[in-house]
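Here the structure comes first, spelled out in structure tokens, and everything after it is commentary.
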Amino acid sequence: MKKIRLLPLGMAVIMAISGCGASASQEETTSSVNNGNDSDVSGTGASYAVSTTKQALEGEEIDAYRTFLTEKLDTTGGGFTAALLHLNEDDAYELAIVDDPSIENCGAQLFTYADGEVKSLATEGFPFYGQYGNFSYYDKKSFFFYDWEQAGTDSVWLYEYIFKADEDEVYLDLELALCTEFETSETTYFINGDEATKEDVEKLGDEYNVNDGDGYITFNPGIATTINTGVDIEAALSADYSAIYYKDQAQQVPCLKPAIYLYPEEDGTELSVELSIDGYFTDTDPAFNEDNGWTVTADSDGTIHLGDESFDYLFWEAMLQSTYTFHDGFCVAGADTESFLTTMLPQLGLNEKETEEFVAYWLPKMEGNKYNIIRFQTDEYTDHSELKISPEPDTVIRVFMTYYGCENYINISRQEIETPERKGFTVVEWGGSEVG
């Protein structure tokens, strides 16, 4: 989940494992717009059936890209990848094409739709543009990054070029470089060819308003659609690349010790508790049917009964597929973790008993770290772990903590916390995950 960046505060070289260098084609390409709604997309030498399983998005640019890709398929025979993305702030899509995705650090071509035709977003003055490197962008922020690495015998250079995307034109806005000596680890920074300080480079993150990291996307042709037929063209035009990217980034990580507490208003209340997750369960106590969940009775003090056994809470663990963010949160010294948790958990809605049991489980895992970066996830967790209880509770509190240990203090935006009101039939769940 952590990215290595040239600019420590967010704007710089992303050494993505699966990146792709983007270029604008050096030939301006035009295409007529196909506004037809026929079931076939016809090119110069073949006819391709439109997919019935993935329906293309709508818009003039989509029609134009369909014709453009069909002509390219007729000419090349396929094997290239294509994806829609938003570089500019408007709602019209741009198109990225990679001719040979099997080549590491390939060059992608960028196209836009303007003045009724498909145009290449070509730019001059960058000799490495289109040959190798990594292409990344921020969704709808009108600029993108292209970076590459050059290693010598005694040092390594990291280069980043920041391009502005202004409607149907792209131009180079800033050049950054970092040189690190192998023997001394001494680093020298450059801005537009002039030596600069680390602080000068960090300030650029504020200028481009990307320090929060929100919306950062690395282009990877391996997860874009490979075009071999007209069906593939429709699939490529059916989704924004950002949706494909974030789905690919989602990883199955351990979801540890979610404990579900049930507090009905009357003793002996029969309850049905169901869980639907993106992933698979690794443990439950008491055991339950994954299709039907638990059917238990519960008392107002939280005691849960199943047959002859009693439980303080329902327990489950799983490998859960989700992407957890740390755009805000807390940086807490390991030695201060206990006091932080005992202060924060009641603000999140946990009572004294729940707080004590949370701390007893998580503190031994965290207090040995020099620092802990902590964030309490909301939709990132609940969207992938749906909890259904019948009869429906009046109050549901779900606390899911993610954290990772680090050696240095990190200045992170403080996460805002809202304290829920516990009233009526109340359900409380807490759990967490160590990520990194």
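Chain labels A, B, ... are given in the sequence in which chains occur in the structure tokens; within each chain residues are numbered consecutively from 1, and ligands are likewise numbered from 1 in the order shown.
Using only C-alpha atoms, the protein and nucleic acid residues lying no more than 9 Å from Thr295 in chain A, apart from those fewer than 5 places from it along its own chain, are Glu270, Leu271, Ser272, Val273, Glu274, Phe288 and Leu306 of chain A.
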Per residue of range 55-127 of chain A within 6 Å of range 222-227 of chain A, which atom pair is closest and at what distance in Å (one decimal), using only C-alpha atoms, listed by chain and increasing number, as JSON lines?
{"residue": "A:Gly78", "atom": "CA", "partner": "A:Ile227", "partner_atom": "CA", "distance": 5.5}
{"residue": "A:Gly79", "atom": "CA", "partner": "A:Ile227", "partner_atom": "CA", "distance": 5.7}
{"residue": "A:Phe80", "atom": "CA", "partner": "A:Ile227", "partner_atom": "CA", "distance": 5.6}
{"residue": "A:Thr81", "atom": "CA", "partner": "A:Thr226", "partner_atom": "CA", "distance": 4.2}
{"residue": "A:Ala82", "atom": "CA", "partner": "A:Thr225", "partner_atom": "CA", "distance": 5.7}
{"residue": "A:Ala83", "atom": "CA", "partner": "A:Ala224", "partner_atom": "CA", "distance": 5.7}
*range 332-341 of chain A: which residues within 8 Å, counting only C-alpha atoms, same-chain residues fewer than 5 positions away excluded, as a ChimeraX atom specification?*
/A:355,359,363,366-374
Can those selected residues be exported to a file as a CSV table (one decimal), in the first residue's frame so that it contains C-alpha atoms?
chain,number,residue,atom,x,y,z
A,355,THR,CA,-12.7,-0.7,25.0
A,359,VAL,CA,-7.0,-2.7,23.9
A,363,LEU,CA,-2.0,-3.2,22.2
A,366,MET,CA,1.3,-2.2,18.4
A,367,GLU,CA,3.2,-0.9,21.5
A,368,GLY,CA,6.6,-2.3,20.3
A,369,ASN,CA,6.6,-0.1,17.2
A,370,LYS,CA,8.4,3.2,17.3
A,371,TYR,CA,5.3,4.8,15.7
A,372,ASN,CA,2.0,3.6,14.6
A,373,ILE,CA,0.1,5.1,11.7
A,374,ILE,CA,-3.6,4.5,12.5
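The nearest approach to Arg414 in chain A among the residues A:Asp154, A:Glu354, A:Phe326, A:Gly432, with only C-alpha atoms taken into account, belongs to A:Phe326.
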Item to complete: Check range 109-229 of chain A with DSSP on the backbone and list each residue it calls strand (DSSP E or B), as a ChimeraX atom specification.
Response: /A:109-114,117-120,134-138,143-151,155-166,169-181,187-191,194-196,216-218,225-227
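Straight-line separation from CA of Glu317 in chain A to CA of Pro254 in chain A: 7.5 Å.
Interatomic distance, CA of Phe425 in chain A to CA of Lys257 in chain A: 22.5 Å.
Closest approach to Glu169 in chain A from the set A:Asn134, A:Thr188, A:Glu195, A:Ala114 is made by A:Ala114, with distances taken over only C-alpha atoms.
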Practice task
Run DSSP on the backbone and give me the residues of range 180-407 of chain A it puts in helix (DSSP H, G or I), as a PyMOL selection string.
Solution key: chain A and resi 198-207+221-223+230-236+241-249+334-347+352-366+379-382
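Here the question is which of A:Tyr93, A:Glu234, A:Tyr138, A:Thr218 gets nearest to Val118 in chain A using only C-alpha atoms, and that residue is A:Tyr93.
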